[in-house]
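J.: Provided herewith: model-v9.pdb, PDB, C-alpha atoms, pLDDT in the B column.
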```
MODEL        1
ATOM      1  CA  MET O  95     -17.662  22.993 -10.666  1.00 40.00           C
ATOM      2  CA  THR O  96     -20.163  22.708  -7.838  1.00 41.00           C
ATOM      3  CA  ILE O  97     -22.687  19.878  -7.801  1.00 43.00           C
ATOM      4  CA  ARG O  98     -25.544  20.753  -5.467  1.00 43.00           C
ATOM      5  CA  SER O  99     -26.893  17.200  -5.368  1.00 47.00           C
ATOM      6  CA  LEU O 100     -26.248  14.025  -7.296  1.00 55.00           C
ATOM      7  CA  SER O 101     -29.891  13.211  -7.879  1.00 52.00           C
ATOM      8  CA  ALA O 102     -33.331  14.165  -6.671  1.00 50.00           C
ATOM      9  CA  ARG O 103     -33.722  10.965  -4.638  1.00 52.00           C
ATOM     10  CA  ALA O 104     -32.401  10.101  -1.182  1.00 65.00           C
ATOM     11  CA  VAL O 105     -28.837  10.815  -0.147  1.00 86.00           C
ATOM     12  CA  HIS O 106     -26.328   8.593  -1.918  1.00 97.00           C
ATOM     13  CA  VAL O 107     -23.616   6.474  -0.335  1.00 98.00           C
ATOM     14  CA  ALA O 108     -20.183   6.190  -1.928  1.00 98.00           C
ATOM     15  CA  ILE O 109     -17.094   4.107  -1.345  1.00 98.00           C
ATOM     16  CA  VAL O 110     -13.905   5.835  -2.488  1.00 98.00           C
ATOM     17  CA  THR O 111     -10.785   3.682  -2.267  1.00 97.00           C
ATOM     18  CA  GLY O 112      -7.303   5.090  -1.793  1.00 95.00           C
ATOM     19  CA  ALA O 113      -8.822   8.226  -0.297  1.00 94.00           C
ATOM     20  CA  ASN O 114      -6.116   9.317   2.146  1.00 89.00           C
ATOM     21  CA  HIS O 115      -4.455  11.669  -0.321  1.00 89.00           C
ATOM     22  CA  GLY O 116      -4.419  12.945  -3.888  1.00 93.00           C
ATOM     23  CA  ILE O 117      -7.287  12.266  -6.269  1.00 95.00           C
ATOM     24  CA  GLY O 118      -9.073   9.918  -3.865  1.00 95.00           C
ATOM     25  CA  ALA O 119      -9.171  12.429  -1.013  1.00 93.00           C
ATOM     26  CA  ALA O 120     -10.246  15.223  -3.344  1.00 95.00           C
ATOM     27  CA  THR O 121     -13.022  13.030  -4.767  1.00 96.00           C
ATOM     28  CA  ALA O 122     -14.302  12.101  -1.307  1.00 95.00           C
ATOM     29  CA  ARG O 123     -14.516  15.789  -0.384  1.00 94.00           C
ATOM     30  CA  VAL O 124     -16.330  16.804  -3.583  1.00 95.00           C
ATOM     31  CA  LEU O 125     -18.861  13.998  -3.158  1.00 96.00           C
ATOM     32  CA  ALA O 126     -19.376  14.896   0.500  1.00 94.00           C
ATOM     33  CA  ARG O 127     -20.102  18.506  -0.474  1.00 93.00           C
ATOM     34  CA  ALA O 128     -22.756  17.123  -2.828  1.00 92.00           C
ATOM     35  CA  ASP O 129     -24.594  15.571   0.144  1.00 92.00           C
ATOM     36  CA  THR O 130     -23.177  12.094  -0.346  1.00 96.00           C
ATOM     37  CA  ARG O 131     -22.243   9.894   2.609  1.00 96.00           C
ATOM     38  CA  VAL O 132     -18.730   8.658   1.896  1.00 97.00           C
ATOM     39  CA  LEU O 133     -16.753   5.689   3.170  1.00 97.00           C
ATOM     40  CA  TRP O 134     -13.208   6.545   2.242  1.00 91.00           C
ATOM     41  CA  THR O 135     -10.734   3.731   2.523  1.00 96.00           C
ATOM     42  CA  TYR O 136      -6.996   3.944   2.892  1.00 93.00           C
ATOM     43  CA  LEU O 137      -3.906   1.940   3.777  1.00 92.00           C
ATOM     44  CA  ARG O 138      -1.062   3.342   5.860  1.00 82.00           C
ATOM     45  CA  THR O 139       2.186   3.412   3.895  1.00 68.00           C
ATOM     46  CA  THR O 140       5.502   5.181   4.150  1.00 46.00           C
ATOM     47  CA  ALA O 141       4.704   7.061   0.934  1.00 50.00           C
ATOM     48  CA  ALA O 142       1.414   8.663   1.967  1.00 50.00           C
ATOM     49  CA  PRO O 143      -0.181  10.340   4.982  1.00 49.00           C
ATOM     50  CA  ASP O 144      -1.333   7.973   7.713  1.00 53.00           C
ATOM     51  CA  GLY O 145      -5.010   8.644   7.174  1.00 55.00           C
ATOM     52  CA  PRO O 146      -7.501  11.117   5.778  1.00 59.00           C
ATOM     53  CA  ASP O 147      -8.574  14.347   7.407  1.00 58.00           C
ATOM     54  CA  PRO O 148     -12.002  14.378   9.065  1.00 53.00           C
ATOM     55  CA  LEU O 149     -14.720  14.083   6.451  1.00 55.00           C
ATOM     56  CA  PRO O 150     -18.254  15.439   6.806  1.00 56.00           C
ATOM     57  CA  ARG O 151     -21.106  13.012   6.106  1.00 64.00           C
ATOM     58  CA  GLY O 152     -18.968   9.899   6.177  1.00 81.00           C
ATOM     59  CA  LEU O 153     -16.232   7.878   7.811  1.00 91.00           C
ATOM     60  CA  ALA O 154     -12.736   6.616   7.116  1.00 92.00           C
ATOM     61  CA  HIS O 155     -11.630   2.999   7.385  1.00 95.00           C
ATOM     62  CA  GLU O 156      -8.255   1.379   6.855  1.00 95.00           C
ATOM     63  CA  ALA O 157      -8.391  -1.627   4.558  1.00 96.00           C
ATOM     64  CA  ASP O 158      -5.786  -3.687   2.729  1.00 97.00           C
ATOM     65  CA  LEU O 159      -7.357  -4.401  -0.650  1.00 97.00           C
ATOM     66  CA  ARG O 160      -4.854  -7.166  -1.290  1.00 97.00           C
ATOM     67  CA  ASP O 161      -7.100  -9.193   1.010  1.00 98.00           C
ATOM     68  CA  ALA O 162      -9.782 -10.743  -1.197  1.00 97.00           C
ATOM     69  CA  ALA O 163     -12.256 -10.553   1.697  1.00 98.00           C
ATOM     70  CA  ALA O 164     -11.834  -6.778   2.098  1.00 98.00           C
ATOM     71  CA  PRO O 165     -14.432  -5.660  -0.499  1.00 98.00           C
ATOM     72  CA  ALA O 166     -17.302  -7.535   1.168  1.00 98.00           C
ATOM     73  CA  ARG O 167     -16.277  -6.178   4.577  1.00 98.00           C
ATOM     74  CA  LEU O 168     -16.188  -2.622   3.245  1.00 98.00           C
ATOM     75  CA  PHE O 169     -19.671  -2.906   1.783  1.00 98.00           C
ATOM     76  CA  ASP O 170     -20.936  -4.439   5.034  1.00 98.00           C
ATOM     77  CA  LEU O 171     -19.463  -1.527   6.997  1.00 98.00           C
ATOM     78  CA  ALA O 172     -20.827   1.104   4.622  1.00 98.00           C
ATOM     79  CA  GLU O 173     -24.309  -0.404   4.696  1.00 97.00           C
ATOM     80  CA  ALA O 174     -24.310  -0.648   8.478  1.00 97.00           C
ATOM     81  CA  GLU O 175     -23.044   2.885   9.128  1.00 96.00           C
ATOM     82  CA  LEU O 176     -24.113   4.943   6.105  1.00 96.00           C
ATOM     83  CA  GLY O 177     -26.690   3.019   4.040  1.00 97.00           C
ATOM     84  CA  PRO O 178     -26.748   1.026   0.790  1.00 98.00           C
ATOM     85  CA  VAL O 179     -23.822   1.858  -1.495  1.00 98.00           C
ATOM     86  CA  ASP O 180     -24.731   3.176  -4.940  1.00 98.00           C
ATOM     87  CA  ILE O 181     -21.478   4.938  -5.913  1.00 98.00           C
ATOM     88  CA  LEU O 182     -18.104   3.212  -6.236  1.00 98.00           C
ATOM     89  CA  VAL O 183     -14.860   4.986  -7.082  1.00 98.00           C
ATOM     90  CA  ASN O 184     -12.023   2.503  -7.650  1.00 98.00           C
ATOM     91  CA  ASN O 185      -9.056   4.810  -7.055  1.00 97.00           C
ATOM     92  CA  ALA O 186      -6.713   2.733  -4.855  1.00 97.00           C
ATOM     93  CA  THR O 187      -3.489   1.417  -6.302  1.00 95.00           C
ATOM     94  CA  GLY O 188      -0.862  -1.108  -5.252  1.00 95.00           C
ATOM     95  CA  TRP O 189       1.639   0.817  -7.352  1.00 93.00           C
ATOM     96  CA  VAL O 190       5.167  -0.471  -7.442  1.00 94.00           C
ATOM     97  CA  GLN O 191       7.365   0.529 -10.350  1.00 93.00           C
ATOM     98  CA  ASP O 192       8.874  -2.245 -12.442  1.00 96.00           C
ATOM     99  CA  THR O 193      10.521  -2.683 -15.826  1.00 96.00           C
ATOM    100  CA  PHE O 194      11.798  -5.274 -18.278  1.00 97.00           C
ATOM    101  CA  ARG O 195      14.941  -3.214 -18.872  1.00 94.00           C
ATOM    102  CA  PRO O 196      18.164  -3.471 -16.826  1.00 95.00           C
ATOM    103  CA  GLU O 197      18.047   0.143 -15.610  1.00 91.00           C
ATOM    104  CA  THR O 198      17.279   0.792 -11.948  1.00 90.00           C
ATOM    105  CA  ARG O 199      16.238   4.454 -12.374  1.00 89.00           C
ATOM    106  CA  ASP O 200      13.627   5.971 -14.661  1.00 87.00           C
ATOM    107  CA  ARG O 201      14.014   9.269 -16.527  1.00 82.00           C
ATOM    108  CA  PHE O 202      12.845  11.178 -13.438  1.00 80.00           C
ATOM    109  CA  GLY O 203      15.295   9.439 -11.111  1.00 83.00           C
ATOM    110  CA  ARG O 204      12.717   7.167  -9.482  1.00 87.00           C
ATOM    111  CA  THR O 205      13.779   3.670  -8.425  1.00 91.00           C
ATOM    112  CA  MET O 206      12.576   0.798 -10.628  1.00 93.00           C
ATOM    113  CA  GLN O 207      12.557  -2.926  -9.889  1.00 95.00           C
ATOM    114  CA  PRO O 208      12.812  -5.791 -12.370  1.00 96.00           C
ATOM    115  CA  VAL O 209       9.470  -7.364 -13.200  1.00 97.00           C
ATOM    116  CA  SER O 210       8.926 -10.212 -10.756  1.00 97.00           C
ATOM    117  CA  ALA O 211       6.120 -12.252  -9.261  1.00 98.00           C
ATOM    118  CA  ALA O 212       6.055  -9.823  -6.338  1.00 97.00           C
ATOM    119  CA  THR O 213       5.717  -6.671  -8.470  1.00 97.00           C
ATOM    120  CA  VAL O 214       3.107  -8.254 -10.736  1.00 98.00           C
ATOM    121  CA  ASP O 215       1.065  -9.586  -7.822  1.00 97.00           C
ATOM    122  CA  GLN O 216       1.100  -6.320  -5.855  1.00 96.00           C
ATOM    123  CA  ASN O 217      -0.153  -4.261  -8.786  1.00 97.00           C
ATOM    124  CA  LEU O 218      -2.729  -6.785  -9.968  1.00 98.00           C
ATOM    125  CA  ALA O 219      -4.045  -7.554  -6.472  1.00 98.00           C
ATOM    126  CA  VAL O 220      -5.137  -3.976  -5.789  1.00 97.00           C
ATOM    127  CA  ASP O 221      -5.675  -2.296  -9.142  1.00 97.00           C
ATOM    128  CA  ALA O 222      -7.235  -5.227 -11.001  1.00 98.00           C
ATOM    129  CA  ARG O 223      -8.537  -7.934  -8.663  1.00 98.00           C
ATOM    130  CA  ALA O 224      -9.752  -5.654  -5.862  1.00 98.00           C
ATOM    131  CA  GLY O 225     -11.355  -3.331  -8.401  1.00 98.00           C
ATOM    132  CA  ALA O 226     -13.225  -6.255  -9.952  1.00 98.00           C
ATOM    133  CA  LEU O 227     -14.352  -7.570  -6.559  1.00 98.00           C
ATOM    134  CA  MET O 228     -15.560  -4.112  -5.513  1.00 98.00           C
ATOM    135  CA  ILE O 229     -17.639  -3.891  -8.698  1.00 99.00           C
ATOM    136  CA  ALA O 230     -18.974  -7.401  -8.088  1.00 98.00           C
ATOM    137  CA  GLU O 231     -20.049  -6.484  -4.540  1.00 98.00           C
ATOM    138  CA  LEU O 232     -21.847  -3.367  -5.716  1.00 98.00           C
ATOM    139  CA  ALA O 233     -23.563  -5.272  -8.526  1.00 98.00           C
ATOM    140  CA  ARG O 234     -24.722  -8.168  -6.342  1.00 98.00           C
ATOM    141  CA  ARG O 235     -26.160  -5.965  -3.620  1.00 98.00           C
ATOM    142  CA  HIS O 236     -27.619  -3.445  -6.060  1.00 98.00           C
ATOM    143  CA  VAL O 237     -29.571  -6.094  -7.960  1.00 98.00           C
ATOM    144  CA  ALA O 238     -30.634  -7.934  -4.785  1.00 98.00           C
ATOM    145  CA  ARG O 239     -32.295  -4.851  -3.330  1.00 98.00           C
ATOM    146  CA  GLY O 240     -33.937  -3.872  -6.620  1.00 98.00           C
ATOM    147  CA  ALA O 241     -32.036  -0.584  -6.922  1.00 98.00           C
ATOM    148  CA  THR O 242     -32.335   1.436 -10.137  1.00 97.00           C
ATOM    149  CA  TRP O 243     -29.514   4.007  -9.826  1.00 98.00           C
ATOM    150  CA  GLY O 244     -25.780   3.426  -9.536  1.00 98.00           C
ATOM    151  CA  ARG O 245     -22.427   4.856 -10.545  1.00 98.00           C
ATOM    152  CA  ILE O 246     -19.025   3.219 -10.987  1.00 99.00           C
ATOM    153  CA  VAL O 247     -15.836   5.116 -11.812  1.00 98.00           C
ATOM    154  CA  GLY O 248     -12.378   3.588 -12.186  1.00 98.00           C
ATOM    155  CA  LEU O 249      -9.029   5.368 -12.438  1.00 97.00           C
ATOM    156  CA  THR O 250      -6.554   4.260 -15.082  1.00 97.00           C
ATOM    157  CA  SER O 251      -3.151   5.130 -16.506  1.00 93.00           C
ATOM    158  CA  GLY O 252      -0.800   4.072 -19.268  1.00 89.00           C
ATOM    159  CA  GLY O 253      -1.828   3.792 -22.906  1.00 85.00           C
ATOM    160  CA  PRO O 254      -2.397   1.555 -25.924  1.00 84.00           C
ATOM    161  CA  HIS O 255       1.267   0.532 -25.907  1.00 86.00           C
ATOM    162  CA  GLY O 256       1.314  -0.317 -22.207  1.00 89.00           C
ATOM    163  CA  PHE O 257       3.181   1.753 -19.645  1.00 92.00           C
ATOM    164  CA  PRO O 258       6.961   1.589 -20.174  1.00 93.00           C
ATOM    165  CA  GLU O 259       8.871   1.847 -16.884  1.00 93.00           C
ATOM    166  CA  GLU O 260       5.672   1.034 -14.946  1.00 94.00           C
ATOM    167  CA  VAL O 261       4.723  -2.103 -16.821  1.00 96.00           C
ATOM    168  CA  SER O 262       2.802  -4.103 -14.196  1.00 97.00           C
ATOM    169  CA  TYR O 263       0.957  -1.002 -13.022  1.00 96.00           C
ATOM    170  CA  GLY O 264      -0.087  -0.275 -16.607  1.00 96.00           C
ATOM    171  CA  ALA O 265      -1.191  -3.877 -17.128  1.00 97.00           C
ATOM    172  CA  ALA O 266      -3.257  -3.834 -13.922  1.00 98.00           C
ATOM    173  CA  LYS O 267      -4.932  -0.576 -14.922  1.00 97.00           C
ATOM    174  CA  GLY O 268      -5.695  -2.079 -18.328  1.00 97.00           C
ATOM    175  CA  ALA O 269      -7.482  -4.939 -16.586  1.00 97.00           C
ATOM    176  CA  LEU O 270      -9.488  -2.501 -14.441  1.00 98.00           C
ATOM    177  CA  GLU O 271     -10.556  -0.693 -17.607  1.00 98.00           C
ATOM    178  CA  ARG O 272     -11.913  -3.941 -19.073  1.00 98.00           C
ATOM    179  CA  TYR O 273     -13.774  -4.836 -15.881  1.00 98.00           C
ATOM    180  CA  THR O 274     -15.341  -1.384 -15.692  1.00 98.00           C
ATOM    181  CA  LEU O 275     -16.383  -1.283 -19.334  1.00 98.00           C
ATOM    182  CA  ALA O 276     -17.899  -4.753 -19.029  1.00 98.00           C
ATOM    183  CA  ALA O 277     -19.878  -3.504 -16.028  1.00 98.00           C
ATOM    184  CA  ALA O 278     -21.193  -0.620 -18.122  1.00 98.00           C
ATOM    185  CA  THR O 279     -22.772  -3.116 -20.515  1.00 98.00           C
ATOM    186  CA  GLU O 280     -23.877  -5.775 -18.053  1.00 98.00           C
ATOM    187  CA  LEU O 281     -25.359  -3.433 -15.451  1.00 98.00           C
ATOM    188  CA  ALA O 282     -26.993  -0.880 -17.746  1.00 98.00           C
ATOM    189  CA  GLU O 283     -30.424  -2.467 -17.379  1.00 98.00           C
ATOM    190  CA  PHE O 284     -30.163  -1.935 -13.617  1.00 98.00           C
ATOM    191  CA  GLY O 285     -29.564   1.801 -13.950  1.00 98.00           C
ATOM    192  CA  VAL O 286     -25.807   1.640 -13.361  1.00 98.00           C
ATOM    193  CA  THR O 287     -23.328   3.677 -15.389  1.00 98.00           C
ATOM    194  CA  ALA O 288     -19.638   2.792 -15.398  1.00 99.00           C
ATOM    195  CA  ASN O 289     -16.782   4.884 -16.736  1.00 98.00           C
ATOM    196  CA  VAL O 290     -13.010   5.096 -16.498  1.00 98.00           C
ATOM    197  CA  VAL O 291     -11.085   8.324 -15.952  1.00 98.00           C
ATOM    198  CA  HIS O 292      -7.545   8.645 -17.278  1.00 95.00           C
ATOM    199  CA  PRO O 293      -6.117  11.670 -15.447  1.00 92.00           C
ATOM    200  CA  PRO O 294      -3.404  13.853 -16.887  1.00 84.00           C
ATOM    201  CA  VAL O 295      -0.164  14.161 -14.957  1.00 79.00           C
ATOM    202  CA  THR O 296      -1.565  15.096 -11.550  1.00 70.00           C
ATOM    203  CA  ASP O 297       0.364  16.675  -8.704  1.00 73.00           C
ATOM    204  CA  THR O 298      -0.374  14.278  -5.854  1.00 71.00           C
ATOM    205  CA  GLY O 299       3.014  14.899  -4.277  1.00 70.00           C
ATOM    206  CA  TRP O 300       5.354  13.194  -6.716  1.00 67.00           C
ATOM    207  CA  VAL O 301       5.643  15.895  -9.397  1.00 65.00           C
ATOM    208  CA  THR O 302       9.100  17.485  -9.565  1.00 68.00           C
ATOM    209  CA  ASP O 303      10.497  20.342 -11.639  1.00 67.00           C
ATOM    210  CA  ALA O 304      11.813  17.752 -14.104  1.00 73.00           C
ATOM    211  CA  VAL O 305       8.305  16.342 -14.544  1.00 69.00           C
ATOM    212  CA  ARG O 306       6.845  19.811 -15.063  1.00 72.00           C
ATOM    213  CA  GLN O 307       9.477  20.579 -17.685  1.00 71.00           C
ATOM    214  CA  GLU O 308       8.699  17.371 -19.574  1.00 71.00           C
ATOM    215  CA  VAL O 309       4.966  18.112 -19.474  1.00 64.00           C
ATOM    216  CA  ALA O 310       5.597  21.631 -20.756  1.00 69.00           C
ATOM    217  CA  ARG O 311       7.545  20.217 -23.713  1.00 70.00           C
ATOM    218  CA  SER O 312       4.875  17.633 -24.550  1.00 70.00           C
ATOM    219  CA  ALA O 313       2.036  18.323 -26.983  1.00 66.00           C
ATOM    220  CA  GLU O 314       0.175  15.297 -25.593  1.00 73.00           C
ATOM    221  CA  LEU O 315       0.423  15.861 -21.838  1.00 74.00           C
ATOM    222  CA  VAL O 316      -0.543  19.578 -22.005  1.00 72.00           C
ATOM    223  CA  HIS O 317      -0.432  20.492 -18.286  1.00 80.00           C
ATOM    224  CA  VAL O 318      -0.090  19.274 -14.702  1.00 79.00           C
ATOM    225  CA  ALA O 319      -3.501  18.991 -13.038  1.00 75.00           C
ATOM    226  CA  ARG O 320      -4.518  19.455  -9.423  1.00 88.00           C
ATOM    227  CA  PRO O 321      -6.318  16.531  -7.725  1.00 92.00           C
ATOM    228  CA  GLU O 322      -9.412  18.707  -7.316  1.00 93.00           C
ATOM    229  CA  GLU O 323      -9.676  19.159 -11.076  1.00 93.00           C
ATOM    230  CA  VAL O 324      -9.793  15.408 -11.624  1.00 95.00           C
ATOM    231  CA  ALA O 325     -12.196  14.988  -8.702  1.00 97.00           C
ATOM    232  CA  ASP O 326     -14.654  17.405 -10.311  1.00 97.00           C
ATOM    233  CA  VAL O 327     -14.837  15.165 -13.386  1.00 97.00           C
ATOM    234  CA  ILE O 328     -15.344  12.051 -11.263  1.00 98.00           C
ATOM    235  CA  ALA O 329     -18.117  13.782  -9.304  1.00 98.00           C
ATOM    236  CA  TYR O 330     -19.812  14.766 -12.554  1.00 98.00           C
ATOM    237  CA  LEU O 331     -19.784  11.131 -13.680  1.00 98.00           C
ATOM    238  CA  CYS O 332     -21.459  10.252 -10.365  1.00 98.00           C
ATOM    239  CA  SER O 333     -24.266  12.747 -10.921  1.00 97.00           C
ATOM    240  CA  ASP O 334     -27.654  12.577 -12.636  1.00 96.00           C
ATOM    241  CA  ALA O 335     -26.326  14.972 -15.263  1.00 97.00           C
ATOM    242  CA  ALA O 336     -24.057  12.170 -16.536  1.00 98.00           C
ATOM    243  CA  ARG O 337     -26.822   9.559 -16.827  1.00 97.00           C
ATOM    244  CA  LEU O 338     -26.156   9.124 -20.568  1.00 98.00           C
ATOM    245  CA  VAL O 339     -22.378   8.819 -20.104  1.00 98.00           C
ATOM    246  CA  SER O 340     -21.370   5.181 -19.709  1.00 98.00           C
ATOM    247  CA  GLY O 341     -18.844   2.737 -21.105  1.00 98.00           C
ATOM    248  CA  ASN O 342     -16.157   5.342 -21.750  1.00 98.00           C
ATOM    249  CA  VAL O 343     -12.517   5.909 -20.990  1.00 97.00           C
ATOM    250  CA  LEU O 344     -12.224   9.658 -20.537  1.00 96.00           C
ATOM    251  CA  HIS O 345      -8.724  10.998 -21.213  1.00 93.00           C
ATOM    252  CA  LEU O 346      -8.220  14.263 -19.367  1.00 93.00           C
ATOM    253  CA  ARG O 347      -5.604  16.734 -20.538  1.00 86.00           C
TER     254      ARG O 347
ENDMDL
END
```
Take the structure in this file and express it as structure tokens.
T.:
Amino acid sequence: MTIRSLSARAVHVAIVTGANHGIGAATARVLARADTRVLWTYLRTTAAPDGPDPLPRGLAHEADLRDAAAPARLFDLAEAELGPVDILVNNATGWVQDTFRPETRDRFGRTMQPVSAATVDQNLAVDARAGALMIAELARRHVARGATWGRIVGLTSGGPHGFPEEVSYGAAKGALERYTLAAATELAEFGVTANVVHPPVTDTGWVTDAVRQEVARSAELVHVARPEEVADVIAYLCSDAARLVSGNVLHLR
């Protein structure tokens, strides 16, 4: 899917968190191709590339979203360098895998930790608290400048029965869902839509042959997606064409 422009008005400005790889990087590129100025944020880790590739119509900035002051600084930077932010994609995660069970390996051989204050705090700080603070920053600035167009998209995972073997991550994503859906209701009168995207199993570098075999056997999971496929859906939700789509959790398959 190619989106020529997000709306007929001036160029939009987006913040995409966790944009140094996977779905976040793909989303930043799709938005940039749609004439959006993008601030893509990232955090250097041992599990992901150091930073994003050069991005047209935007800039990259390293930020630790566990710092409660980071959201305000990111919006300040975006406004100073790119213009007022009217698109927010909450993609970053503090993912660490934990479990209530005694096992130390999940069914794919990945290392799990027991649920602890550290695992709970790391997941909640980025996926839930930072996501909420990013939404709050967009909302405050949007209303203060009398803006009438805005888009919020959050990324989620897990399901109605939680996320076994990734329990704190699933709980944090559940909180982000609630924040985003509340924003859809509270900010509707200001022209803001807010939706949550639940990607299918997506090959962001962690998918192994064992994962592909399990997906192939599952009637629910259907297939392994590419990050660009998920990014196309996110970009659609950030477009004028999706102006009537708000307050939803979209399960992709």
J.: Which residue, O:Gly248, O:Pro258, O:Pro178, O:Gly225, has the smallest gap to O:Ala325 when you use all atoms listed in the file?
T.: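 Smallest distance to O:Ala325 is found for O:Gly248.
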J.: Would you kindly return, as a PyMOL selection string, each protein, DNA or RNA residue with an atom no farther than 10 Å from any atom of O:Leu227, considering only C-alpha atoms and excluding same-chain residues fewer than 2 positions away?
T.: chain O and resi 159+162-166+220+222-225+229-233+273
J.: Any chance you could resolve the PyMOL selection byres ((chain O and resi 113-117) around 7) against this file and give the residues as a list in words?
T.: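 Matching residues under the PyMOL selection byres ((chain O and resi 113-117) around 7) are Val110, Thr111, Gly112, Gly118, Ala119, Ala120, Thr121, Ala122, Trp134, Thr135, Tyr136, Ala142, Pro143, Gly145, Pro146, Thr298, Pro321, Glu322, Val324 and Ala325 of chain O.
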J.: Taking C-alpha atoms for each residue, export the selection above as a compact mmCIF listing (two decimals), in the coordinates of the input.
T.:
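Okay, this is what ended up in selection.txt:
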```txt
# COMPACT_ATOMS: atom_id res chain seq x y z
CA VAL O 110 -13.90 5.84 -2.49
CA THR O 111 -10.78 3.68 -2.27
CA GLY O 112 -7.30 5.09 -1.79
CA GLY O 118 -9.07 9.92 -3.86
CA ALA O 119 -9.17 12.43 -1.01
CA ALA O 120 -10.25 15.22 -3.34
CA THR O 121 -13.02 13.03 -4.77
CA ALA O 122 -14.30 12.10 -1.31
CA TRP O 134 -13.21 6.54 2.24
CA THR O 135 -10.73 3.73 2.52
CA TYR O 136 -7.00 3.94 2.89
CA ALA O 142 1.41 8.66 1.97
CA PRO O 143 -0.18 10.34 4.98
CA GLY O 145 -5.01 8.64 7.17
CA PRO O 146 -7.50 11.12 5.78
CA THR O 298 -0.37 14.28 -5.85
CA PRO O 321 -6.32 16.53 -7.72
CA GLU O 322 -9.41 18.71 -7.32
CA VAL O 324 -9.79 15.41 -11.62
CA ALA O 325 -12.20 14.99 -8.70
```
J.: Calculate how many Å separate atom CA of O:Pro294 from atom CA of O:His345, rounding to one decimal.
T.: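 Taking atom CA of O:Pro294 as the start and atom CA of O:His345 as the end point, the length is 7.4 Å.
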J.: Write out as a ChimeraX atom specification which residues come within 9 Å of O:Met206 when counting all atoms listed in the file, dropping same-chain ones fewer than 6 positions away.
T.: /O:190-193,197-200,259-260
J.: Which residue out of O:His236, O:Gly152, O:Ala304, O:Val290 has the minimum interatomic distance to O:Ala276 when all atoms listed in the file are used?
T.: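 Selected residue with least distance to O:Ala276: O:Val290.
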J.: Please write as a list in words the full residue list that the PyMOL selection byres ((chain O and resi 347) around 12) yields on this file.
T.: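 Applied to this file, the PyMOL selection byres ((chain O and resi 347) around 12) returns Val291, His292, Pro293, Pro294, Val295, Thr296, Val309, Ser312, Ala313, Glu314, Leu315, Val316, His317, Val318, Ala319, Arg320, Glu323, Val324, Val327, Leu344, His345 and Leu346 of chain O.
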J.: Could you list, as a PyMOL selection string, every residue within 9 Å of O:Lys267, counting only C-alpha atoms and ignoring same-chain residues fewer than 5 positions away?
T.: chain O and resi 187+217-218+221-222+248-252+262+272
J.: Pick from O:Ala241, O:Val343, O:Ile246, O:Ala219: nearest to O:Glu283, with only C-alpha atoms counted?
T.: O:Ala241
J.: Could you tell me which residues the PyMOL selection byres ((chain O and resi 210) around 10) returns for this structure, as a ChimeraX atom specification?
T.: /O:192-194,207-209,211-215,262
J.: Just the number, please: distance in Å from atom CA of O:Leu275 to atom CA of O:Arg245, one decimal.
T.: 12.3 Å
